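Novice: The file below is coords_12.txt, compact mmCIF, C-alpha atoms:
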```txt
# COMPACT_ATOMS: atom_id res chain seq x y z
CA MET T 245 221.48 -55.96 -66.65
CA THR T 246 220.73 -55.13 -70.27
CA ALA T 247 223.44 -55.84 -72.79
CA ALA T 248 222.78 -52.46 -74.39
CA ALA T 249 223.91 -50.52 -71.32
CA ASP T 250 225.82 -47.46 -72.44
CA ARG T 251 229.10 -48.32 -70.77
CA ALA T 252 230.74 -45.13 -71.97
CA ALA T 253 228.34 -43.00 -69.89
CA PHE T 254 230.43 -43.35 -66.73
CA SER T 255 234.02 -43.87 -65.70
CA ALA T 256 235.31 -46.84 -63.71
CA GLU T 257 237.58 -44.48 -61.78
CA ASN T 258 235.43 -43.93 -58.69
CA CYS T 259 233.60 -47.27 -58.77
CA SER T 260 232.43 -48.47 -55.35
CA VAL T 261 233.04 -52.11 -56.27
CA ALA T 262 236.69 -51.38 -57.07
CA ARG T 263 237.17 -49.36 -53.88
CA THR T 264 235.61 -52.13 -51.82
CA LEU T 265 237.77 -54.78 -53.44
CA ALA T 266 240.87 -52.68 -52.72
CA ILE T 267 240.12 -53.40 -49.05
CA VAL T 268 238.47 -56.81 -49.07
CA GLY T 269 239.09 -58.21 -52.57
CA GLU T 270 241.50 -60.85 -51.46
CA LYS T 271 240.75 -64.37 -50.30
CA TRP T 272 242.21 -64.18 -46.83
CA THR T 273 240.66 -60.84 -45.94
CA LEU T 274 237.15 -62.10 -46.64
CA LEU T 275 237.83 -65.39 -44.87
CA VAL T 276 239.04 -63.49 -41.79
CA LEU T 277 235.73 -61.62 -41.89
CA ARG T 278 233.88 -64.93 -42.29
CA GLU T 279 235.45 -66.19 -39.07
CA ALA T 280 234.62 -62.90 -37.30
CA PHE T 281 230.97 -63.39 -38.31
CA TYR T 282 231.18 -66.92 -36.91
CA GLY T 283 232.09 -65.40 -33.53
CA VAL T 284 235.87 -65.75 -33.64
CA ARG T 285 237.77 -62.94 -31.87
CA ARG T 286 241.25 -64.13 -30.93
CA PHE T 287 244.35 -64.38 -33.09
CA SER T 288 244.95 -68.01 -32.16
CA GLU T 289 241.38 -68.95 -33.09
CA PHE T 290 241.53 -67.17 -36.45
CA GLN T 291 244.73 -69.01 -37.13
CA ALA T 292 243.39 -72.40 -36.09
CA HIS T 293 240.27 -72.14 -38.26
CA LEU T 294 241.97 -70.59 -41.29
CA GLY T 295 245.29 -72.42 -41.32
CA ILE T 296 246.88 -69.14 -42.42
CA ALA T 297 250.52 -68.17 -41.78
CA ARG T 298 250.92 -65.92 -38.75
CA ASN T 299 252.52 -63.07 -40.68
CA LEU T 300 249.75 -63.11 -43.28
CA LEU T 301 247.06 -63.15 -40.59
CA THR T 302 248.75 -60.28 -38.76
CA ALA T 303 248.78 -58.26 -41.99
CA ARG T 304 245.14 -59.03 -42.86
CA LEU T 305 243.91 -58.17 -39.34
CA ALA T 306 245.88 -54.91 -39.46
CA THR T 307 244.26 -53.98 -42.79
CA LEU T 308 240.80 -54.63 -41.39
CA VAL T 309 241.56 -52.61 -38.24
CA ASP T 310 243.11 -49.76 -40.25
CA HIS T 311 240.02 -49.51 -42.42
CA GLY T 312 237.68 -49.68 -39.44
CA LEU T 313 236.05 -53.06 -40.13
CA LEU T 314 237.48 -54.66 -36.99
CA ASP T 315 238.11 -53.05 -33.63
CA ARG T 316 241.18 -54.24 -31.68
CA GLN T 317 240.51 -54.51 -27.96
CA THR T 318 242.55 -55.73 -25.02
CA TYR T 319 241.12 -58.46 -22.82
CA GLN T 320 242.57 -60.32 -19.87
CA ASP T 321 241.49 -63.69 -18.52
CA PRO T 322 242.06 -64.23 -14.78
CA ASN T 323 245.69 -65.19 -14.10
CA SER T 324 246.68 -64.63 -17.74
CA ARG T 325 248.53 -61.89 -19.52
CA ALA T 326 246.61 -59.27 -21.48
CA ARG T 327 245.73 -60.27 -25.05
CA GLN T 328 244.17 -58.63 -28.07
CA GLU T 329 240.84 -59.49 -29.55
CA TYR T 330 239.17 -58.36 -32.73
CA ARG T 331 235.51 -57.42 -32.90
CA LEU T 332 233.44 -56.46 -35.91
CA THR T 333 232.47 -52.80 -36.10
CA THR T 334 229.23 -51.62 -37.71
CA LYS T 335 231.24 -50.99 -40.87
CA GLY T 336 232.50 -54.57 -40.76
CA ARG T 337 229.11 -56.06 -39.98
CA ASP T 338 227.65 -54.21 -42.95
CA LEU T 339 229.66 -56.48 -45.25
CA PHE T 340 227.58 -59.44 -44.10
CA PRO T 341 225.15 -59.39 -47.05
CA ALA T 342 228.11 -59.55 -49.45
CA LEU T 343 229.49 -62.57 -47.62
CA ILE T 344 226.09 -64.27 -47.61
CA ALA T 345 225.71 -63.53 -51.33
CA LEU T 346 229.09 -65.19 -52.00
CA MET T 347 228.14 -68.16 -49.81
CA GLN T 348 224.81 -68.51 -51.58
CA TRP T 349 226.49 -68.71 -54.96
CA GLY T 350 229.01 -71.24 -53.64
CA ASP T 351 226.21 -73.29 -52.09
CA THR T 352 224.52 -73.43 -55.50
CA TYR T 353 227.53 -74.19 -57.68
CA LEU T 354 230.37 -75.50 -55.53
CA ALA T 355 228.96 -77.39 -52.53
CA ASP T 356 229.69 -81.05 -51.83
CA ASP T 357 227.03 -83.54 -52.90
CA ALA T 358 225.92 -83.73 -49.27
CA GLY T 359 225.09 -80.03 -49.32
CA PRO T 360 226.47 -76.82 -47.83
CA ALA T 361 228.85 -76.92 -44.88
CA VAL T 362 227.04 -74.13 -43.07
CA VAL T 363 223.50 -72.81 -42.98
CA VAL T 364 223.11 -69.29 -41.61
CA ALA T 365 219.79 -69.19 -39.79
CA HIS T 366 217.46 -66.45 -38.61
CA ASN T 367 217.62 -66.32 -34.79
CA ASP T 368 213.86 -65.91 -34.36
CA CYS T 369 212.49 -68.62 -36.67
CA GLY T 370 215.52 -70.81 -37.42
CA THR T 371 215.08 -70.85 -41.20
CA ALA T 372 217.98 -70.20 -43.57
CA VAL T 373 218.74 -66.64 -44.64
CA HIS T 374 219.49 -65.54 -48.19
CA VAL T 375 220.02 -62.29 -50.06
CA GLU T 376 217.47 -60.86 -52.43
CA LEU T 377 217.75 -58.07 -54.95
CA ARG T 378 214.92 -55.56 -54.58
CA CYS T 379 214.30 -52.00 -55.78
CA ALA T 380 213.32 -48.91 -53.81
CA HIS T 381 209.69 -49.61 -54.74
CA ASP T 382 210.12 -53.07 -53.20
CA HIS T 383 209.71 -54.92 -56.49
CA GLY T 384 211.53 -58.22 -56.41
CA PRO T 385 213.30 -60.48 -56.00
CA LEU T 386 215.05 -59.20 -59.12
CA THR T 387 217.86 -60.64 -61.22
CA ALA T 388 220.63 -58.96 -63.21
CA ARG T 389 218.42 -59.04 -66.31
CA ASP T 390 215.81 -56.88 -64.56
CA THR T 391 218.30 -54.04 -64.06
CA HIS T 392 220.52 -51.59 -65.87
CA PRO T 393 223.36 -49.32 -64.72
CA THR T 394 222.88 -45.56 -64.81
CA PRO T 395 225.39 -42.80 -64.07
CA GLY T 396 225.09 -41.91 -60.37
CA PRO T 397 225.38 -38.48 -58.71
CA GLY T 398 229.16 -38.95 -58.46
CA ALA T 399 229.67 -40.21 -62.02
CA LEU T 400 232.85 -38.99 -63.67
CA PRO T 401 233.20 -38.60 -67.44
CA THR T 402 234.99 -41.48 -69.14
CA PRO T 403 238.66 -40.70 -69.77
CA MET I 20 225.48 -63.33 -36.02
CA THR I 21 225.70 -64.13 -32.34
CA ALA I 22 229.11 -63.94 -30.74
CA ALA I 23 228.40 -67.20 -28.93
CA ALA I 24 228.25 -69.21 -32.15
CA ASP I 25 229.86 -72.59 -31.57
CA ARG I 26 232.59 -72.22 -34.14
CA ALA I 27 233.95 -75.68 -33.41
CA ALA I 28 230.73 -77.31 -34.63
CA PHE I 29 231.81 -77.23 -38.28
CA SER I 30 234.98 -77.30 -40.32
CA ALA I 31 236.09 -74.53 -42.68
CA GLU I 32 237.29 -77.18 -45.12
CA ASN I 33 234.26 -77.30 -47.44
CA CYS I 34 233.12 -73.71 -46.92
CA SER I 35 231.22 -72.24 -49.87
CA VAL I 36 232.67 -68.80 -49.26
CA ALA I 37 236.22 -70.14 -49.55
CA ARG I 38 235.40 -72.12 -52.69
CA THR I 39 233.78 -69.08 -54.27
CA LEU I 40 236.75 -66.87 -53.42
CA ALA I 41 239.09 -69.43 -54.96
CA ILE I 42 237.43 -68.51 -58.27
CA VAL I 43 236.46 -64.86 -57.87
CA GLY I 44 238.30 -63.68 -54.74
CA GLU I 45 240.67 -61.45 -56.57
CA LYS I 46 240.22 -57.85 -57.54
CA TRP I 47 240.52 -58.19 -61.30
CA THR I 48 238.25 -61.19 -61.60
CA LEU I 49 235.36 -59.38 -59.93
CA LEU I 50 236.03 -56.21 -61.91
CA VAL I 51 235.94 -58.20 -65.16
CA LEU I 52 232.54 -59.49 -64.05
CA ARG I 53 231.48 -55.93 -63.19
CA GLU I 54 232.22 -54.89 -66.77
CA ALA I 55 230.38 -57.93 -68.12
CA PHE I 56 227.32 -56.87 -66.10
CA TYR I 57 227.70 -53.40 -67.59
CA GLY I 58 227.30 -54.96 -71.04
CA VAL I 59 230.95 -55.26 -72.07
CA ARG I 60 231.73 -58.29 -74.24
CA ARG I 61 234.94 -57.66 -76.19
CA PHE I 62 238.53 -58.00 -75.05
CA SER I 63 239.44 -54.50 -76.20
CA GLU I 64 236.50 -52.99 -74.29
CA PHE I 65 237.33 -54.86 -71.09
CA GLN I 66 240.87 -53.60 -71.42
CA ALA I 67 239.86 -50.00 -72.09
CA HIS I 68 237.51 -49.80 -69.11
CA LEU I 69 239.74 -51.68 -66.67
CA GLY I 70 243.19 -50.43 -67.68
CA ILE I 71 244.45 -53.95 -67.00
CA ALA I 72 247.52 -55.49 -68.66
CA ARG I 73 246.63 -57.70 -71.62
CA ASN I 74 248.24 -60.84 -70.17
CA LEU I 75 246.39 -60.41 -66.87
CA LEU I 76 243.08 -59.85 -68.65
CA THR I 77 243.66 -62.92 -70.82
CA ALA I 78 244.29 -65.00 -67.70
CA ARG I 79 241.25 -63.67 -65.82
CA LEU I 80 238.92 -64.19 -68.79
CA ALA I 81 240.27 -67.74 -69.17
CA THR I 82 239.57 -68.47 -65.49
CA LEU I 83 236.01 -67.21 -65.82
CA VAL I 84 235.45 -69.25 -69.01
CA ASP I 85 237.03 -72.38 -67.47
CA HIS I 86 234.71 -72.15 -64.48
CA GLY I 87 231.67 -71.53 -66.65
CA LEU I 88 230.89 -67.95 -65.60
CA LEU I 89 231.59 -66.52 -69.05
CA ASP I 90 230.95 -68.12 -72.41
CA ARG I 91 233.44 -67.42 -75.21
CA GLN I 92 231.76 -66.94 -78.57
CA THR I 93 233.04 -66.00 -82.01
CA TYR I 94 231.50 -63.02 -83.76
CA GLN I 95 232.29 -61.36 -87.04
CA ASP I 96 231.42 -57.84 -88.10
CA PRO I 97 230.94 -57.32 -91.87
CA ASN I 98 234.31 -56.92 -93.59
CA SER I 99 236.22 -57.73 -90.40
CA ARG I 100 238.04 -60.80 -89.18
CA ALA I 101 236.40 -63.10 -86.66
CA ARG I 102 236.79 -62.07 -83.01
CA GLN I 103 235.94 -63.52 -79.64
CA GLU I 104 233.38 -62.13 -77.27
CA TYR I 105 232.55 -63.06 -73.72
CA ARG I 106 228.99 -63.38 -72.44
CA LEU I 107 227.79 -64.06 -68.94
CA THR I 108 226.30 -67.50 -68.40
CA THR I 109 223.55 -68.17 -65.87
CA LYS I 110 226.25 -69.20 -63.41
CA GLY I 111 228.02 -65.88 -63.98
CA ARG I 112 224.84 -63.83 -63.77
CA ASP I 113 224.02 -65.49 -60.46
CA LEU I 114 226.98 -63.65 -58.91
CA PHE I 115 225.17 -60.35 -59.48
CA PRO I 116 223.75 -60.07 -55.93
CA ALA I 117 227.27 -60.46 -54.51
CA LEU I 118 228.53 -57.66 -56.75
CA ILE I 119 225.61 -55.42 -55.81
CA ALA I 120 226.23 -56.18 -52.12
CA LEU I 121 229.89 -55.12 -52.50
CA MET I 122 228.84 -51.99 -54.41
CA GLN I 123 226.27 -51.13 -51.74
CA TRP I 124 228.90 -51.30 -49.00
CA GLY I 125 231.30 -49.20 -51.06
CA ASP I 126 228.55 -46.66 -51.78
CA THR I 127 227.98 -46.32 -48.03
CA TYR I 128 231.58 -46.15 -46.86
CA LEU I 129 233.85 -45.26 -49.77
CA ALA I 130 231.95 -43.09 -52.27
CA ASP I 131 233.04 -39.59 -53.25
CA ASP I 132 231.26 -36.73 -51.52
CA ALA I 133 229.18 -36.25 -54.65
CA GLY I 134 227.79 -39.77 -54.26
CA PRO I 135 228.12 -43.12 -56.01
CA ALA I 136 229.51 -43.35 -59.54
CA VAL I 137 226.81 -45.75 -60.67
CA VAL I 138 223.23 -46.46 -59.68
CA VAL I 139 221.88 -49.82 -60.78
CA ALA I 140 218.20 -49.32 -61.54
CA HIS I 141 215.20 -51.60 -61.92
CA ASN I 142 214.20 -51.66 -65.60
CA ASP I 143 210.49 -51.42 -64.88
CA CYS I 144 210.33 -48.58 -62.36
CA GLY I 145 213.74 -46.96 -62.59
CA THR I 146 214.47 -46.93 -58.84
CA ALA I 147 217.77 -48.12 -57.42
CA VAL I 148 218.23 -51.78 -56.52
CA HIS I 149 219.78 -53.07 -53.32
CA VAL I 150 220.30 -56.42 -51.62
CA GLU I 151 218.34 -57.45 -48.56
CA LEU I 152 218.90 -60.31 -46.17
CA ARG I 153 215.69 -62.30 -45.64
CA CYS I 154 214.88 -65.73 -44.21
CA ALA I 155 212.85 -68.56 -45.72
CA HIS I 156 209.82 -67.31 -43.77
CA ASP I 157 210.36 -63.92 -45.45
CA HIS I 158 211.26 -62.12 -42.23
CA GLY I 159 213.49 -59.16 -42.90
CA PRO I 160 215.40 -57.22 -43.89
CA LEU I 161 217.76 -58.87 -41.40
CA THR I 162 221.27 -57.97 -40.26
CA ALA I 163 224.20 -60.14 -39.15
CA ARG I 164 223.02 -59.77 -35.54
CA ASP I 165 219.70 -61.42 -36.39
CA THR I 166 221.41 -64.62 -37.54
CA HIS I 167 223.63 -67.46 -36.39
CA PRO I 168 225.58 -70.14 -38.27
CA THR I 169 224.52 -73.77 -37.95
CA PRO I 170 226.21 -76.88 -39.35
CA GLY I 171 224.69 -77.63 -42.76
CA PRO I 172 223.92 -81.01 -44.34
CA GLY I 173 227.48 -81.17 -45.70
CA ALA I 174 229.20 -80.10 -42.48
CA LEU I 175 232.49 -81.86 -41.80
CA PRO I 176 233.85 -82.38 -38.29
CA THR I 177 236.51 -79.88 -37.28
CA PRO I 178 240.02 -81.25 -37.71
```
Please, can you express the file's structure as structure tokens?
Specialist:
Amino acid sequence: MTAAADRAAFSAENCSVARTLAIVGEKWTLLVLREAFYGVRRFSEFQAHLGIARNLLTARLATLVDHGLLDRQTYQDPNSRARQEYRLTTKGRDLFPALIALMQWGDTYLADDAGPAVVVAHNDCGTAVHVELRCAHDHGPLTARDTHPTPGPGALPTP
Amino acid sequence: MTAAADRAAFSAENCSVARTLAIVGEKWTLLVLREAFYGVRRFSEFQAHLGIARNLLTARLATLVDHGLLDRQTYQDPNSRARQEYRLTTKGRDLFPALIALMQWGDTYLADDAGPAVVVAHNDCGTAVHVELRCAHDHGPLTARDTHPTPGPGALPTP
């Protein structure tokens, strides 16, 4: 973005980044979603992969269910008692580009010398996926410097 | 991603998402970066836009400087004492797609009825920017369902 952006033109009050972070802006919440994208559905599996305390995991799953990112369903294996599983909703799956964008940055700046732990691949061709910034006219890939913020239709005056 | 992903094929230990969240996985840290992308550079301006306590802002700015996402520089207006300002480094600017991806999700699911507070526009053509998921063969835009995780070059065995 340009340094000269007129920051006073819009309020931070109804910012979509802030509202999103109020739901998912916490390490464990995004890591629970990471596991869900990796195909994990059961409490015990989330716990095993995350090494998170049970009470914390219970709270984070409840937040994600309450906000409609995960759907809690009952399943029953033969000869077992009924259990709960957690599946991504469309709303949850739509956070995938944000998770890939975070992974991409971590792969660039924080990976081990050997390289990234995980490569997310396109099912059809097997090559690695990445996020790109493009505009409505399909110019891109763009960087922050190619952009500037403008007050949107819901912009509130600065306090 | 596919539900059948073999989650046990790789450890979560050296995950780039987790490492990224250890730095920026906290509401204030990402909101400080949001303001930096909006052109804010001075402590007093960060504080005014974020309404964050001074000690918290000091700590968050220090984290971002320590990890090389912001650069602390001294500036001096005529007839004023020297002050610090904070500028995004390349490493910091490279988090922009993640912030746009979070904003995009919030615009879809959490915006006011009137619409988003902010539209980030391409400097050249003025249309709104968005993130897209594409593969190395440029197939896309893709969704989570079009992808699957594979162990990367740095994959560790599961514990």
Novice: Could you tell me which of T:Ala252, T:Leu274, T:Val261, T:Leu313 comes closest to chain I if we count all atoms listed in the file?
Specialist: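 Checking each of T:Ala252, T:Leu274, T:Val261, T:Leu313 against chain I, counting all atoms listed in the file, the winner is T:Val261.
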Novice: When you draw a straight line from atom CA of I:Ala120 to atom CA of I:Val150, how long is it in Å?
Specialist: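 Computed distance, atom CA of I:Ala120 to atom CA of I:Val150, equals 6.0 Å.
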Novice: Write out as a list in words each polymer residue whose atoms come within 8 Å of stretch 107-114 of chain I, counting all atoms listed in the file; drop sequence neighbours fewer than 4 positions from it.
Specialist: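 Answer for this query is Ala345, Leu346, Trp349, Tyr353, Thr387 and Ala388 of chain T; Leu52, Ala55, Phe56, Gly87, Leu88, Leu89, Asp90 and Leu118 of chain I.
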Novice: Show me as a PDB file with C-alpha atoms, in the coordinates of the input the residues that reach within 10 Å of (228.1, -80.7, -37.7), counting all atoms listed in the file and using the file's own coordinates.
Specialist:
```pdb
ATOM      1  CA  ALA T 361     228.850 -76.920 -44.880  1.00  0.00           C
ATOM      2  CA  VAL T 362     227.040 -74.130 -43.070  1.00  0.00           C
TER       3      VAL T 362
ATOM      4  CA  ALA I  27     233.950 -75.680 -33.410  1.00  0.00           C
ATOM      5  CA  ALA I  28     230.730 -77.310 -34.630  1.00  0.00           C
ATOM      6  CA  PHE I  29     231.810 -77.230 -38.280  1.00  0.00           C
ATOM      7  CA  SER I  30     234.980 -77.300 -40.320  1.00  0.00           C
ATOM      8  CA  THR I 169     224.520 -73.770 -37.950  1.00  0.00           C
ATOM      9  CA  PRO I 170     226.210 -76.880 -39.350  1.00  0.00           C
ATOM     10  CA  GLY I 171     224.690 -77.630 -42.760  1.00  0.00           C
ATOM     11  CA  PRO I 172     223.920 -81.010 -44.340  1.00  0.00           C
ATOM     12  CA  GLY I 173     227.480 -81.170 -45.700  1.00  0.00           C
ATOM     13  CA  ALA I 174     229.200 -80.100 -42.480  1.00  0.00           C
ATOM     14  CA  LEU I 175     232.490 -81.860 -41.800  1.00  0.00           C
ATOM     15  CA  PRO I 176     233.850 -82.380 -38.290  1.00  0.00           C
ATOM     16  CA  THR I 177     236.510 -79.880 -37.280  1.00  0.00           C
TER      17      THR I 177
END
```
Novice: Go ahead and compute the interatomic distance for atom CA of T:Glu376 and atom CA of I:Glu151, in Å to one decimal.
Specialist: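 One can read the atom CA of T:Glu376 to atom CA of I:Glu151 distance as 5.2 Å.
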Novice: Expressed in Å to a single decimal, how great is the separation between atom CA of T:Leu294 and atom CA of T:Val363?
Specialist: 18.7 Å
Novice: Between I:Gly58, I:Asn98, I:Thr77, I:Gly70, which is the closest to T:Pro393 once you count all atoms listed in the file?
Specialist: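 Closest residue, counting all atoms listed in the file: I:Gly58.
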Novice: Find the residue from I:Arg102, I:Arg164, I:Arg73, I:Arg91 that sits nearest to chain T; use only C-alpha atoms when measuring.
Specialist: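 For chain T, the nearest of the candidates is I:Arg164.
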Novice: Which neighbours of stretch 142-145 of chain I fall inside 12 Å, counting only C-alpha atoms, when residues of the same chain fewer than 5 positions from it are skipped, and could you give them as an MDAnalysis selection string?
Specialist: chainID T and resid 245:246 249 378:384 386:394
Novice: With only C-alpha atoms as the basis for distance, which of I:Leu83, I:Ala101, I:Val51, I:Ala72 is at the shortest distance from T:Ala262?
Specialist: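 Of I:Leu83, I:Ala101, I:Val51, I:Ala72, the one nearest T:Ala262, counting only C-alpha atoms, is I:Val51.
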Novice: Give the answer as one residue: which of T:Ser324, T:Arg286, T:Leu377, T:Ala266 has the shortest atom-to-atom distance to I:Phe115, using all atoms listed in the file?
Specialist: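 Going through T:Ser324, T:Arg286, T:Leu377, T:Ala266 one by one, the smallest distance to I:Phe115 is for T:Leu377.
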Novice: Could you work out an axis-aligned bounding box for all listed atoms of stretch 96-108 of chain I, with 5 Å added on each of the six sides, and give its centre and edge lengths in Å to one decimal, as JSON?
Specialist:
```
{"center_x": 232.2, "center_y": -62.2, "center_z": -81.0, "size_x": 21.7, "size_y": 20.6, "size_z": 35.2}
```
